[in-house]
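K.L.:
This is the structure I have questions about; it appears just below.
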Amino acid sequence: MSSTSTHLADTPPRWGVAVISSRESRADLLACLAALRAAGGARAMTVDLLVNGNPARASEMAAALGPTAPDGFQVRVWELAFGDKAHAWNEYVQRIAPPVSHAFFVDGYVRVKPDALDLLVDGLVSAPDALAATGVPSMGRGAATLRAEMLAHGGIHGNLHVIAGGAMARLRAEGIRLPLGLYRVDGTLGAVLAFDLDPARHAWAPRRIHVNGQATWDLPDSPRLSPAFLLGQWKRRLRQAQGDLENAAVRDHMAVRKLSPASLPATVDALVLDWCMRHPGAARALILRNP
């Protein structure tokens, strides 16, 4: 890991933001950052732009952003050689995140609404048991269905959520890392938080993630139909089948065996293989269901 651009403040900012990016264009990343600046208002913020697996984009963004703005809106660009979202999350939580009262997580292609960050913090403060708060989608395929599902049953959305500073400190202190190669990053993180980081001591409680139905974001225009787009959709479908195996393995690890999230295997391959070896019948049925 290396920092291609580092702008440090004299005092810790109140809020931190991890923008996780890989293939997003320069224009989309600049739009994401502009939306964050608008949503933050006059509040001091440190935004860590984590560009994983795309060194050219990291260098380009570091050059484009220039020095720290005088209003306290800081951007630090990090080049992460390994292109993996779980790895980027691990690096931010365990190494990069500054001490803040709230740590937001935003995907690089989203543009948060002007009131979204304040709404998430307000919701977090209003829910004393919550370790995190999440926004809900308002545009894109299946947004309405997913929004209704989250409001009814809970969950966390990777496009926009916030983790309380105290929970961030606990995640770091307990050395919790997500398995590399994970597709369902949101679901695994949601399980960690819903069990209050310790399934042996705490029952699953969806209320530990506050779902705010008003906090949302915009998306860039949908890509035009092209061979590259169709290939991407096919790969996504294959990864969704992998996600079903991941969900079963994570559920077994925390909900059934009550093991600490800190003991999750280092890679998703090891996580899924362990579950498949111990539950061959269930694994076979799940694989046949997703040919």
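Going by the structure tokens order, chains are called A, B, ..., each with residues numbered from 1, while ligands are numbered from 1 in the order shown.
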Got a sec: who's within 6 Å of range 83-95 of chain A, counting only C-alpha atoms, leaving out chain neighbours fewer than 2 positions off, as a list in words?
P.N.:
Asn52, Gly53, Ala97, Arg172, Arg177, Leu178 and Leu180 of chain A
K.L.:
For the residues selected in the previous step, produce a file with N, CA and C atoms as a PDB file, in the first residue's frame.
P.N.:
```pdb
ATOM      1  N   ASN A  52      -8.273   0.848  -5.745  1.00  0.00           N
ATOM      2  CA  ASN A  52      -7.674  -0.483  -5.657  1.00  0.00           C
ATOM      3  C   ASN A  52      -7.536  -1.112  -7.038  1.00  0.00           C
ATOM      4  N   GLY A  53      -6.316  -1.570  -7.322  1.00  0.00           N
ATOM      5  CA  GLY A  53      -6.037  -2.268  -8.561  1.00  0.00           C
ATOM      6  C   GLY A  53      -5.990  -1.390  -9.796  1.00  0.00           C
ATOM      7  N   ALA A  97      -7.832   4.729   8.380  1.00  0.00           N
ATOM      8  CA  ALA A  97      -8.843   5.605   8.965  1.00  0.00           C
ATOM      9  C   ALA A  97      -8.280   6.451  10.090  1.00  0.00           C
ATOM     10  N   ARG A 172     -11.051  -2.160  14.769  1.00  0.00           N
ATOM     11  CA  ARG A 172      -9.590  -2.124  14.645  1.00  0.00           C
ATOM     12  C   ARG A 172      -8.937  -2.861  15.812  1.00  0.00           C
ATOM     13  N   ARG A 177     -11.130  -8.363  10.001  1.00  0.00           N
ATOM     14  CA  ARG A 177     -10.902  -8.175   8.568  1.00  0.00           C
ATOM     15  C   ARG A 177     -11.885  -9.045   7.796  1.00  0.00           C
ATOM     16  N   LEU A 178     -12.309  -8.592   6.643  1.00  0.00           N
ATOM     17  CA  LEU A 178     -13.193  -9.365   5.782  1.00  0.00           C
ATOM     18  C   LEU A 178     -12.354 -10.265   4.883  1.00  0.00           C
ATOM     19  N   LEU A 180     -10.617 -11.861   1.822  1.00  0.00           N
ATOM     20  CA  LEU A 180     -10.283 -11.326   0.509  1.00  0.00           C
ATOM     21  C   LEU A 180     -11.042 -12.091  -0.570  1.00  0.00           C
TER      22      LEU A 180
END
```
K.L.:
For the strand (DSSP E or B) assignment from backbone DSSP, which residues of range 17-226 of chain A qualify? Please present them as number ranges by chain.
P.N.:
A: 17-21, 45-52, 73-80, 102-107, 111-112, 132-134, 160-164, 180, 209-211, 217-218
K.L.:
Excluding Asp186 in chain A and residues on its chain fewer than 5 positions from it, collect all residues at most 8 Å away from it, counting only C-alpha atoms, and give them as a ChimeraX atom specification.
P.N.:
/A:156-158
K.L.:
Go ahead and write the residues just picked, N, CA, C and O atoms, as a CSV table (one decimal), in the first residue's frame.
P.N.:
```csv
chain,number,residue,atom,x,y,z
A,156,ILE,N,-27.7,-3.5,5.4
A,156,ILE,CA,-26.7,-2.4,5.1
A,156,ILE,C,-26.4,-2.3,3.7
A,156,ILE,O,-26.4,-3.3,3.0
A,157,HIS,N,-26.3,-1.1,3.1
A,157,HIS,CA,-26.0,-0.9,1.7
A,157,HIS,C,-24.6,-0.4,1.5
A,157,HIS,O,-24.2,0.7,2.1
A,158,GLY,N,-23.8,-1.0,0.7
A,158,GLY,CA,-22.4,-0.6,0.5
A,158,GLY,C,-22.3,0.7,-0.2
A,158,GLY,O,-21.2,1.3,-0.1
```
K.L.:
So that I can check the surroundings of Gly140 in chain A, please list as an MDAnalysis selection string every protein, DNA and RNA residue that reaches within 12 Å of it, counting only C-alpha atoms and ignoring chain neighbours fewer than 3 positions away.
P.N.:
chainID A and resid 110 136:137 143:147 216:223
K.L.:
So, with only C-alpha atoms as the atoms that count, which of A:Pro206, A:Gly108, A:Gly181, A:Gly142 lies closest to Asn159 in chain A?
P.N.:
A:Gly108
K.L.:
Please compute the CA of Val112 in chain A-CA of Leu49 in chain A distance, one decimal, in Å.
P.N.:
15.1 Å
K.L.:
Give me the residues of range 40-83 of chain A that have any atom at most 12 Å from an atom of range 113-127 of chain A; for each, the nearest atom pair and the distance in Å, rounded to one decimal. Use only C-alpha atoms, sort by chain and number, and format it as CSV.
P.N.:
```
residue,atom,partner,partner_atom,distance
A:Gly40,CA,A:Leu117,CA,7.1
A:Gly41,CA,A:Pro114,CA,8.7
A:Arg43,CA,A:Asp118,CA,10.7
A:Met45,CA,A:Leu117,CA,11.5
```
K.L.:
Any chance you could export the current selection's N, CA and C atoms as a PDB file, in the first residue's frame?
P.N.:
```
ATOM      1  N   GLY A  40     -21.176  17.717   3.195  1.00  0.00           N
ATOM      2  CA  GLY A  40     -20.475  18.000   4.449  1.00  0.00           C
ATOM      3  C   GLY A  40     -20.625  19.423   4.929  1.00  0.00           C
ATOM      4  N   GLY A  41     -20.973  20.323   4.020  1.00  0.00           N
ATOM      5  CA  GLY A  41     -21.115  21.720   4.403  1.00  0.00           C
ATOM      6  C   GLY A  41     -19.818  22.295   4.905  1.00  0.00           C
ATOM      7  N   ARG A  43     -18.421  21.477   7.699  1.00  0.00           N
ATOM      8  CA  ARG A  43     -17.794  20.558   8.653  1.00  0.00           C
ATOM      9  C   ARG A  43     -16.450  20.046   8.121  1.00  0.00           C
ATOM     10  N   MET A  45     -13.738  17.498   7.222  1.00  0.00           N
ATOM     11  CA  MET A  45     -13.825  16.092   6.840  1.00  0.00           C
ATOM     12  C   MET A  45     -12.509  15.650   6.229  1.00  0.00           C
TER      13      MET A  45
END
```
